[in-house]
file model.csv (CSV, C-alpha atoms)
chain,number,residue,atom,x,y,z
L,1,ALA,CA,0.0,0.0,0.0
L,2,GLN,CA,1.1,3.5,-0.7
L,3,SER,CA,2.4,5.4,2.4
L,4,VAL,CA,4.1,8.6,3.4
L,5,THR,CA,6.6,8.9,6.2
L,6,GLN,CA,7.9,12.1,7.8
L,7,PRO,CA,10.8,10.9,10.1
L,8,ASP,CA,10.9,14.0,12.2
L,9,ILE,CA,7.9,14.4,14.5
L,10,HIS,CA,9.2,17.7,15.9
L,11,ILE,CA,12.0,20.1,14.8
L,12,THR,CA,13.3,23.2,16.5
L,13,VAL,CA,15.4,25.8,14.7
L,14,SER,CA,16.6,29.3,15.5
L,15,GLU,CA,15.2,32.2,13.5
L,16,GLY,CA,17.5,32.8,10.5
L,17,ALA,CA,18.7,29.3,10.4
L,18,SER,CA,18.2,27.0,7.4
L,19,LEU,CA,15.5,24.3,7.5
L,20,GLU,CA,15.0,20.9,5.9
L,21,LEU,CA,11.9,18.7,6.5
L,22,ARG,CA,12.1,15.2,5.3
L,23,CYS,CA,9.5,13.2,3.4
L,24,ASN,CA,9.7,9.7,2.0
L,25,TYR,CA,7.0,7.8,0.1
L,26,SER,CA,6.4,4.3,-0.8
L,27,TYR,CA,5.0,3.7,-4.2
L,28,GLY,CA,6.0,1.8,-7.4
L,29,ALA,CA,5.9,4.8,-9.6
L,30,THR,CA,6.3,8.6,-9.3
L,31,PRO,CA,3.3,10.0,-7.6
L,32,TYR,CA,2.1,13.6,-7.5
L,33,LEU,CA,3.8,15.2,-4.4
L,34,PHE,CA,2.6,18.1,-2.2
L,35,TRP,CA,3.7,20.0,0.9
L,36,TYR,CA,1.0,21.7,3.0
L,37,VAL,CA,1.4,23.9,6.1
L,38,GLN,CA,-1.1,24.2,9.0
L,39,SER,CA,-1.0,27.0,11.5
L,40,PRO,CA,-2.4,26.0,15.0
L,41,GLY,CA,-6.2,25.5,14.9
L,42,GLN,CA,-6.4,26.3,11.2
L,43,GLY,CA,-6.8,24.4,7.9
L,44,LEU,CA,-4.1,23.4,5.5
L,45,GLN,CA,-2.5,25.7,2.9
L,46,LEU,CA,-0.6,24.4,-0.1
L,47,LEU,CA,3.1,25.4,-0.1
L,48,LEU,CA,4.2,23.7,-3.3
L,49,LYS,CA,3.6,20.7,-5.6
L,50,TYR,CA,5.5,18.4,-8.0
L,51,PHE,CA,4.0,16.7,-10.9
L,52,SER,CA,6.8,16.2,-13.4
L,53,GLY,CA,9.7,18.1,-15.0
L,54,ASP,CA,12.3,20.0,-13.0
L,55,THR,CA,12.9,18.2,-9.7
L,56,LEU,CA,13.4,21.4,-7.8
L,57,VAL,CA,10.2,23.2,-7.2
L,58,GLN,CA,9.6,26.6,-5.7
L,59,GLY,CA,6.7,27.4,-3.5
L,60,ILE,CA,5.2,30.2,-1.5
L,61,LYS,CA,6.7,31.9,1.5
L,62,GLY,CA,10.3,31.2,0.3
L,63,PHE,CA,10.0,27.4,0.5
L,64,GLU,CA,11.4,24.9,-2.1
L,65,ALA,CA,11.4,21.2,-2.4
L,66,GLU,CA,13.5,18.7,-4.3
L,67,PHE,CA,12.2,15.4,-5.7
L,68,LYS,CA,14.7,12.6,-5.7
L,69,ARG,CA,13.4,9.5,-7.5
L,70,SER,CA,16.3,7.3,-6.3
L,71,GLN,CA,15.5,8.0,-2.7
L,72,SER,CA,11.7,8.3,-3.0
L,73,SER,CA,12.0,11.6,-1.2
L,74,PHE,CA,10.5,15.0,-1.5
L,75,ASN,CA,12.3,17.1,1.1
L,76,LEU,CA,11.2,20.7,1.9
L,77,ARG,CA,13.7,23.4,2.5
L,78,LYS,CA,14.0,27.0,3.4
L,79,PRO,CA,17.3,28.9,3.6
L,80,SER,CA,16.3,31.3,6.4
L,81,VAL,CA,13.5,30.5,8.8
L,82,HIS,CA,11.2,33.3,10.2
L,83,TRP,CA,9.3,33.1,13.5
L,84,SER,CA,6.1,33.0,11.5
L,85,ASP,CA,7.1,29.7,9.9
L,86,ALA,CA,6.3,27.9,13.2
L,87,ALA,CA,3.5,25.4,12.2
L,88,GLU,CA,2.8,21.8,11.3
L,89,TYR,CA,4.0,20.7,7.9
L,90,PHE,CA,2.5,17.8,6.0
L,91,CYS,CA,3.8,16.0,3.0
L,92,ALA,CA,1.2,14.3,0.8
L,93,VAL,CA,1.2,12.1,-2.2
L,94,VAL,CA,-1.5,11.2,-4.8
L,95,THR,CA,-0.8,8.1,-6.8
L,96,LYS,CA,-1.6,8.1,-10.4
L,97,THR,CA,-3.9,5.1,-10.0
L,98,SER,CA,-6.0,6.7,-7.3
L,99,TYR,CA,-7.1,10.1,-8.5
L,100,ASP,CA,-9.5,10.8,-5.7
L,101,LYS,CA,-7.4,10.2,-2.6
L,102,VAL,CA,-4.6,12.2,-1.1
L,103,ILE,CA,-2.3,10.3,1.3
L,104,PHE,CA,-1.0,12.5,4.0
L,105,GLY,CA,2.1,12.0,6.1
L,106,PRO,CA,1.9,12.2,9.9
L,107,GLY,CA,3.3,15.7,9.9
L,108,THR,CA,6.3,17.5,11.3
L,109,SER,CA,5.8,20.2,13.9
L,110,LEU,CA,8.3,23.1,13.6
L,111,SER,CA,9.2,25.4,16.4
L,112,VAL,CA,11.3,28.5,15.8
L,113,ILE,CA,13.4,30.1,18.5
L,114,PRO,CA,13.7,33.9,18.3
O,1,ASP,CA,-13.7,36.4,-1.0
O,2,GLY,CA,-13.9,32.9,-2.2
O,3,GLY,CA,-13.2,30.1,0.2
O,4,ILE,CA,-14.5,27.4,2.4
O,5,THR,CA,-16.3,27.9,5.6
O,6,GLN,CA,-16.9,25.4,8.4
O,7,SER,CA,-19.1,25.9,11.4
O,8,PRO,CA,-19.1,25.8,14.2
O,9,LYS,CA,-15.4,26.2,15.1
O,10,TYR,CA,-15.9,24.3,18.4
O,11,LEU,CA,-18.6,21.7,19.0
O,12,PHE,CA,-19.4,19.7,22.1
O,13,ARG,CA,-21.5,16.6,22.1
O,14,LYS,CA,-22.8,14.2,24.7
O,15,GLU,CA,-22.3,10.5,24.2
O,16,GLY,CA,-25.1,9.0,22.2
O,17,GLN,CA,-25.9,12.1,20.3
O,18,ASN,CA,-25.6,12.7,16.5
O,19,VAL,CA,-24.1,16.0,15.5
O,20,THR,CA,-23.7,17.6,12.1
O,21,LEU,CA,-20.7,19.7,10.9
O,22,SER,CA,-21.3,22.3,8.2
O,23,CYS,CA,-19.1,22.8,5.2
O,24,GLU,CA,-19.8,25.4,2.6
O,25,GLN,CA,-17.7,26.6,-0.4
O,26,ASN,CA,-18.2,29.4,-2.9
O,27,LEU,CA,-15.3,28.4,-5.2
O,28,ASN,CA,-17.6,26.6,-7.6
O,29,HIS,CA,-15.6,23.4,-7.0
O,30,ASP,CA,-17.1,20.0,-8.0
O,31,ALA,CA,-15.2,17.9,-5.5
O,32,MET,CA,-15.4,18.0,-1.7
O,33,TYR,CA,-13.8,16.1,1.0
O,34,TRP,CA,-14.0,15.4,4.8
O,35,TYR,CA,-10.9,14.6,6.8
O,36,ARG,CA,-10.3,13.7,10.4
O,37,GLN,CA,-7.1,14.8,12.1
O,38,ASP,CA,-5.7,13.3,15.2
O,39,PRO,CA,-2.4,14.2,16.8
O,40,GLY,CA,0.5,12.3,15.2
O,41,GLN,CA,-1.7,10.6,12.5
O,42,GLY,CA,-2.0,13.2,9.8
O,43,LEU,CA,-5.2,13.5,8.0
O,44,ARG,CA,-7.5,10.5,7.3
O,45,LEU,CA,-10.2,10.6,4.6
O,46,ILE,CA,-13.7,10.1,5.8
O,47,TYR,CA,-15.9,10.7,2.7
O,48,TYR,CA,-15.5,12.5,-0.6
O,49,SER,CA,-17.9,13.7,-3.3
O,50,GLN,CA,-17.0,14.2,-6.9
O,51,ILE,CA,-20.3,15.7,-7.9
O,52,VAL,CA,-23.7,16.6,-6.6
O,53,ASN,CA,-25.8,13.7,-5.3
O,54,ASP,CA,-22.8,11.4,-5.3
O,55,PHE,CA,-20.3,10.5,-2.6
O,56,GLN,CA,-17.9,7.7,-1.7
O,57,LYS,CA,-16.5,6.3,1.5
O,58,GLY,CA,-13.0,7.1,2.4
O,59,ASP,CA,-10.7,5.1,4.7
O,60,ILE,CA,-12.6,5.7,8.0
O,61,ALA,CA,-16.3,6.1,7.0
O,62,GLU,CA,-17.8,4.0,9.8
O,63,GLY,CA,-19.9,6.0,12.2
O,64,TYR,CA,-20.2,9.0,9.8
O,65,SER,CA,-22.6,10.0,7.1
O,66,VAL,CA,-22.7,12.8,4.5
O,67,SER,CA,-25.0,14.3,1.9
O,68,ARG,CA,-24.3,16.4,-1.3
O,69,GLU,CA,-27.6,17.9,-2.3
O,70,LYS,CA,-26.0,21.2,-3.4
O,71,LYS,CA,-22.7,21.8,-5.1
O,72,GLU,CA,-21.6,24.3,-2.5
O,73,SER,CA,-22.5,22.2,0.6
O,74,PHE,CA,-21.2,19.0,2.0
O,75,PRO,CA,-22.3,18.4,5.6
O,76,LEU,CA,-20.9,15.6,7.8
O,77,THR,CA,-22.9,13.9,10.5
O,78,VAL,CA,-21.1,12.2,13.3
O,79,THR,CA,-23.4,9.5,14.5
O,80,SER,CA,-23.5,7.8,17.9
O,81,ALA,CA,-22.0,4.7,16.2
O,82,GLN,CA,-18.7,6.6,16.0
O,83,LYS,CA,-16.9,5.3,19.0
O,84,ASN,CA,-14.2,7.9,19.3
O,85,PRO,CA,-15.4,11.0,17.6
O,86,THR,CA,-13.3,13.6,19.5
O,87,ALA,CA,-11.0,15.1,16.8
O,88,PHE,CA,-10.4,18.0,14.5
O,89,TYR,CA,-12.4,17.8,11.3
O,90,LEU,CA,-11.3,19.4,8.1
O,91,CYS,CA,-13.4,20.0,5.0
O,92,ALA,CA,-11.7,20.5,1.6
O,93,SER,CA,-12.6,21.1,-2.0
O,94,SER,CA,-11.0,20.9,-5.4
O,95,ILE,CA,-12.0,22.1,-8.8
O,96,PHE,CA,-12.8,18.5,-9.7
O,97,ALA,CA,-11.7,15.1,-8.5
O,98,GLY,CA,-8.2,14.6,-9.9
O,99,SER,CA,-4.8,13.9,-8.5
O,100,HIS,CA,-3.2,17.1,-9.7
O,101,ASN,CA,-5.8,19.4,-8.4
O,102,GLU,CA,-4.9,21.4,-5.3
O,103,GLN,CA,-7.3,20.9,-2.4
O,104,PHE,CA,-8.4,24.0,-0.6
O,105,PHE,CA,-9.1,23.6,3.1
O,106,GLY,CA,-11.6,25.1,5.5
O,107,PRO,CA,-10.5,26.3,9.0
O,108,GLY,CA,-11.8,23.1,10.7
O,109,THR,CA,-14.2,22.2,13.5
O,110,ARG,CA,-13.0,20.8,16.7
O,111,LEU,CA,-15.4,18.2,18.1
O,112,THR,CA,-15.3,17.1,21.7
O,113,VAL,CA,-17.4,14.4,23.2
O,114,LEU,CA,-18.3,15.0,26.8

call {"tool": "encode", "arguments": {"input": "model.csv", "output": "structure tokens"}}
result
Amino acid sequence: AQSVTQPDIHITVSEGASLELRCNYSYGATPYLFWYVQSPGQGLQLLLKYFSGDTLVQGIKGFEAEFKRSQSSFNLRKPSVHWSDAAEYFCAVVTKTSYDKVIFGPGTSLSVIP
Amino acid sequence: DGGITQSPKYLFRKEGQNVTLSCEQNLNHDAMYWYRQDPGQGLRLIYYSQIVNDFQKGDIAEGYSVSREKKESFPLTVTSAQKNPTAFYLCASSIFAGSHNEQFFGPGTRLTVL
């Protein structure tokens, strides 16, 4: 069965430091890949998505993600974190054989130290 | 402004009672979704609807029911058969059901069973 893992449950970084959130998926082919962000008590907002083509994708709020087929990974990065980036981050995949379902990872909670 | 509204934001229910969560969208989207979010488990799909008067069970549909009588509305009823209903419930929509379509999320309803 398809699955998504986010190895880090919680990450703490200092403001201004770089950030990398990890995401790995299990699927026989290349799925569609997404990163969402959720502020406390709120819904999810799409940060970026990958369907095909250039494996480095740019998103909103200064985030980027790189798709690595050999590692089945889609890690999210930001060069300099702001205090407002503190939130829950979810990686999600949609397999090309299941057009109606999005499989979400368990999420990574990010704390930012001023 | 276009978007998704969920009401109420907080909901308390006594054991044995049914309760209905509202979800309305003015984005003219065909597809709508209900997710349940529990700490450390990401989002799990309860029901989804690709078009008016049609809906399908997701991964955890037991104890829940939905209706889709209007394109803009997709209410979720949590029945007394749901054994552990305390959770954060998120409604989402997309232009149509398809793996490359971004899902837009509402702000969520937090349900607590007393």

call {"tool": "atom_distance", "arguments": {"input": "model.csv", "atom1": "atom CA of Val4 of chain L", "atom2": "atom CA of Phe67 of chain L"}}
result
14.0 Å

call {"tool": "interface_residues", "arguments": {"input": "model.csv", "of": "chain L", "to": "chain O", "cutoff": "10 Å", "atoms": "all atoms listed in the file", "output": "number ranges by chain"}}
result
L: 4, 9, 31-34, 36, 38-39, 41-46, 48-51, 88-109

call {"tool": "residues_around", "arguments": {"input": "model.csv", "residues": "Glu66 of chain L", "least_positions_apart": "6", "cutoff": "7 Å", "atoms": "all atoms listed in the file", "output": "ChimeraX atom specification"}}
result
/L:55-57,74-76

call {"tool": "atom_distance", "arguments": {"input": "model.csv", "atom1": "atom CA of Gly3 of chain O", "atom2": "atom CA of Trp34 of chain O"}}
result
15.4 Å

call {"tool": "atom_distance", "arguments": {"input": "model.csv", "atom1": "atom CA of Gly63 of chain O", "atom2": "atom CA of Val78 of chain O"}}
result
6.4 Å

call {"tool": "residues_around", "arguments": {"input": "model.csv", "residues": "Cys23 of chain O", "least_positions_apart": "5", "cutoff": "8 Å", "atoms": "all atoms listed in the file", "output": "PyMOL selection string"}}
result
chain O and resi 4-7+73-76+91+106

call {"tool": "build_atoms", "arguments": {"input": "model.csv", "residues": "segment 11-35 of chain O", "atoms": "N, CA, C and O atoms", "output": "PDB file, in the frame of the given file"}}
result
ATOM      1  N   LEU O  11     -17.320  22.397  18.863  1.00  0.00           N
ATOM      2  CA  LEU O  11     -18.600  21.700  19.000  1.00  0.00           C
ATOM      3  C   LEU O  11     -18.429  20.666  20.133  1.00  0.00           C
ATOM      4  O   LEU O  11     -17.453  19.908  20.165  1.00  0.00           O
ATOM      5  N   PHE O  12     -19.393  20.660  21.028  1.00  0.00           N
ATOM      6  CA  PHE O  12     -19.400  19.700  22.100  1.00  0.00           C
ATOM      7  C   PHE O  12     -20.605  18.809  21.996  1.00  0.00           C
ATOM      8  O   PHE O  12     -21.711  19.283  21.720  1.00  0.00           O
ATOM      9  N   ARG O  13     -20.393  17.538  22.228  1.00  0.00           N
ATOM     10  CA  ARG O  13     -21.500  16.600  22.100  1.00  0.00           C
ATOM     11  C   ARG O  13     -21.493  15.611  23.233  1.00  0.00           C
ATOM     12  O   ARG O  13     -20.432  15.218  23.739  1.00  0.00           O
ATOM     13  N   LYS O  14     -22.670  15.264  23.642  1.00  0.00           N
ATOM     14  CA  LYS O  14     -22.800  14.200  24.700  1.00  0.00           C
ATOM     15  C   LYS O  14     -22.764  12.879  23.991  1.00  0.00           C
ATOM     16  O   LYS O  14     -23.173  12.731  22.838  1.00  0.00           O
ATOM     17  N   GLU O  15     -22.292  11.902  24.711  1.00  0.00           N
ATOM     18  CA  GLU O  15     -22.300  10.500  24.200  1.00  0.00           C
ATOM     19  C   GLU O  15     -23.682  10.115  23.766  1.00  0.00           C
ATOM     20  O   GLU O  15     -24.643  10.400  24.469  1.00  0.00           O
ATOM     21  N   GLY O  16     -23.778   9.456  22.625  1.00  0.00           N
ATOM     22  CA  GLY O  16     -25.100   9.000  22.200  1.00  0.00           C
ATOM     23  C   GLY O  16     -25.820   9.931  21.272  1.00  0.00           C
ATOM     24  O   GLY O  16     -26.870   9.581  20.739  1.00  0.00           O
ATOM     25  N   GLN O  17     -25.296  11.121  21.108  1.00  0.00           N
ATOM     26  CA  GLN O  17     -25.900  12.100  20.300  1.00  0.00           C
ATOM     27  C   GLN O  17     -25.323  12.149  18.873  1.00  0.00           C
ATOM     28  O   GLN O  17     -24.113  11.970  18.722  1.00  0.00           O
ATOM     29  N   ASN O  18     -26.150  12.393  17.875  1.00  0.00           N
ATOM     30  CA  ASN O  18     -25.600  12.700  16.500  1.00  0.00           C
ATOM     31  C   ASN O  18     -25.342  14.195  16.466  1.00  0.00           C
ATOM     32  O   ASN O  18     -26.005  14.999  17.136  1.00  0.00           O
ATOM     33  N   VAL O  19     -24.383  14.560  15.650  1.00  0.00           N
ATOM     34  CA  VAL O  19     -24.100  16.000  15.500  1.00  0.00           C
ATOM     35  C   VAL O  19     -23.664  16.191  14.023  1.00  0.00           C
ATOM     36  O   VAL O  19     -23.044  15.327  13.407  1.00  0.00           O
ATOM     37  N   THR O  20     -24.048  17.348  13.471  1.00  0.00           N
ATOM     38  CA  THR O  20     -23.700  17.600  12.100  1.00  0.00           C
ATOM     39  C   THR O  20     -22.799  18.829  11.968  1.00  0.00           C
ATOM     40  O   THR O  20     -23.034  19.881  12.571  1.00  0.00           O
ATOM     41  N   LEU O  21     -21.732  18.634  11.188  1.00  0.00           N
ATOM     42  CA  LEU O  21     -20.700  19.700  10.900  1.00  0.00           C
ATOM     43  C   LEU O  21     -21.015  20.260   9.553  1.00  0.00           C
ATOM     44  O   LEU O  21     -21.217  19.517   8.587  1.00  0.00           O
ATOM     45  N   SER O  22     -20.980  21.569   9.489  1.00  0.00           N
ATOM     46  CA  SER O  22     -21.300  22.300   8.200  1.00  0.00           C
ATOM     47  C   SER O  22     -20.026  22.553   7.446  1.00  0.00           C
ATOM     48  O   SER O  22     -18.984  22.894   8.016  1.00  0.00           O
ATOM     49  N   CYS O  23     -20.125  22.450   6.122  1.00  0.00           N
ATOM     50  CA  CYS O  23     -19.100  22.800   5.200  1.00  0.00           C
ATOM     51  C   CYS O  23     -19.682  23.471   3.982  1.00  0.00           C
ATOM     52  O   CYS O  23     -20.510  22.837   3.310  1.00  0.00           O
ATOM     53  N   GLU O  24     -19.291  24.702   3.716  1.00  0.00           N
ATOM     54  CA  GLU O  24     -19.800  25.400   2.600  1.00  0.00           C
ATOM     55  C   GLU O  24     -18.648  26.009   1.778  1.00  0.00           C
ATOM     56  O   GLU O  24     -17.706  26.532   2.368  1.00  0.00           O
ATOM     57  N   GLN O  25     -18.730  25.949   0.436  1.00  0.00           N
ATOM     58  CA  GLN O  25     -17.700  26.600  -0.400  1.00  0.00           C
ATOM     59  C   GLN O  25     -18.357  27.382  -1.512  1.00  0.00           C
ATOM     60  O   GLN O  25     -19.399  27.008  -2.046  1.00  0.00           O
ATOM     61  N   ASN O  26     -17.709  28.508  -1.811  1.00  0.00           N
ATOM     62  CA  ASN O  26     -18.200  29.400  -2.900  1.00  0.00           C
ATOM     63  C   ASN O  26     -17.154  29.470  -4.006  1.00  0.00           C
ATOM     64  O   ASN O  26     -17.061  30.494  -4.689  1.00  0.00           O
ATOM     65  N   LEU O  27     -16.367  28.413  -4.153  1.00  0.00           N
ATOM     66  CA  LEU O  27     -15.300  28.400  -5.200  1.00  0.00           C
ATOM     67  C   LEU O  27     -15.790  27.711  -6.455  1.00  0.00           C
ATOM     68  O   LEU O  27     -15.024  27.592  -7.404  1.00  0.00           O
ATOM     69  N   ASN O  28     -17.036  27.264  -6.468  1.00  0.00           N
ATOM     70  CA  ASN O  28     -17.600  26.600  -7.600  1.00  0.00           C
ATOM     71  C   ASN O  28     -16.854  25.265  -7.927  1.00  0.00           C
ATOM     72  O   ASN O  28     -16.733  24.856  -9.085  1.00  0.00           O
ATOM     73  N   HIS O  29     -16.347  24.635  -6.872  1.00  0.00           N
ATOM     74  CA  HIS O  29     -15.600  23.400  -7.000  1.00  0.00           C
ATOM     75  C   HIS O  29     -16.598  22.201  -7.076  1.00  0.00           C
ATOM     76  O   HIS O  29     -17.606  22.173  -6.370  1.00  0.00           O
ATOM     77  N   ASP O  30     -16.250  21.225  -7.914  1.00  0.00           N
ATOM     78  CA  ASP O  30     -17.100  20.000  -8.000  1.00  0.00           C
ATOM     79  C   ASP O  30     -16.838  19.051  -6.875  1.00  0.00           C
ATOM     80  O   ASP O  30     -17.761  18.423  -6.383  1.00  0.00           O
ATOM     81  N   ALA O  31     -15.584  18.896  -6.480  1.00  0.00           N
ATOM     82  CA  ALA O  31     -15.200  17.900  -5.500  1.00  0.00           C
ATOM     83  C   ALA O  31     -15.089  18.427  -4.106  1.00  0.00           C
ATOM     84  O   ALA O  31     -14.573  19.527  -3.907  1.00  0.00           O
ATOM     85  N   MET O  32     -15.561  17.658  -3.145  1.00  0.00           N
ATOM     86  CA  MET O  32     -15.400  18.000  -1.700  1.00  0.00           C
ATOM     87  C   MET O  32     -15.041  16.835  -0.910  1.00  0.00           C
ATOM     88  O   MET O  32     -15.339  15.693  -1.280  1.00  0.00           O
ATOM     89  N   TYR O  33     -14.376  17.107   0.212  1.00  0.00           N
ATOM     90  CA  TYR O  33     -13.800  16.100   1.000  1.00  0.00           C
ATOM     91  C   TYR O  33     -13.960  16.352   2.503  1.00  0.00           C
ATOM     92  O   TYR O  33     -13.969  17.512   2.907  1.00  0.00           O
ATOM     93  N   TRP O  34     -14.040  15.292   3.313  1.00  0.00           N
ATOM     94  CA  TRP O  34     -14.000  15.400   4.800  1.00  0.00           C
ATOM     95  C   TRP O  34     -12.821  14.582   5.286  1.00  0.00           C
ATOM     96  O   TRP O  34     -12.675  13.403   4.933  1.00  0.00           O
ATOM     97  N   TYR O  35     -12.014  15.221   6.142  1.00  0.00           N
ATOM     98  CA  TYR O  35     -10.900  14.600   6.800  1.00  0.00           C
ATOM     99  C   TYR O  35     -11.040  14.639   8.290  1.00  0.00           C
ATOM    100  O   TYR O  35     -11.582  15.607   8.823  1.00  0.00           O
TER     101      TYR O  35
END
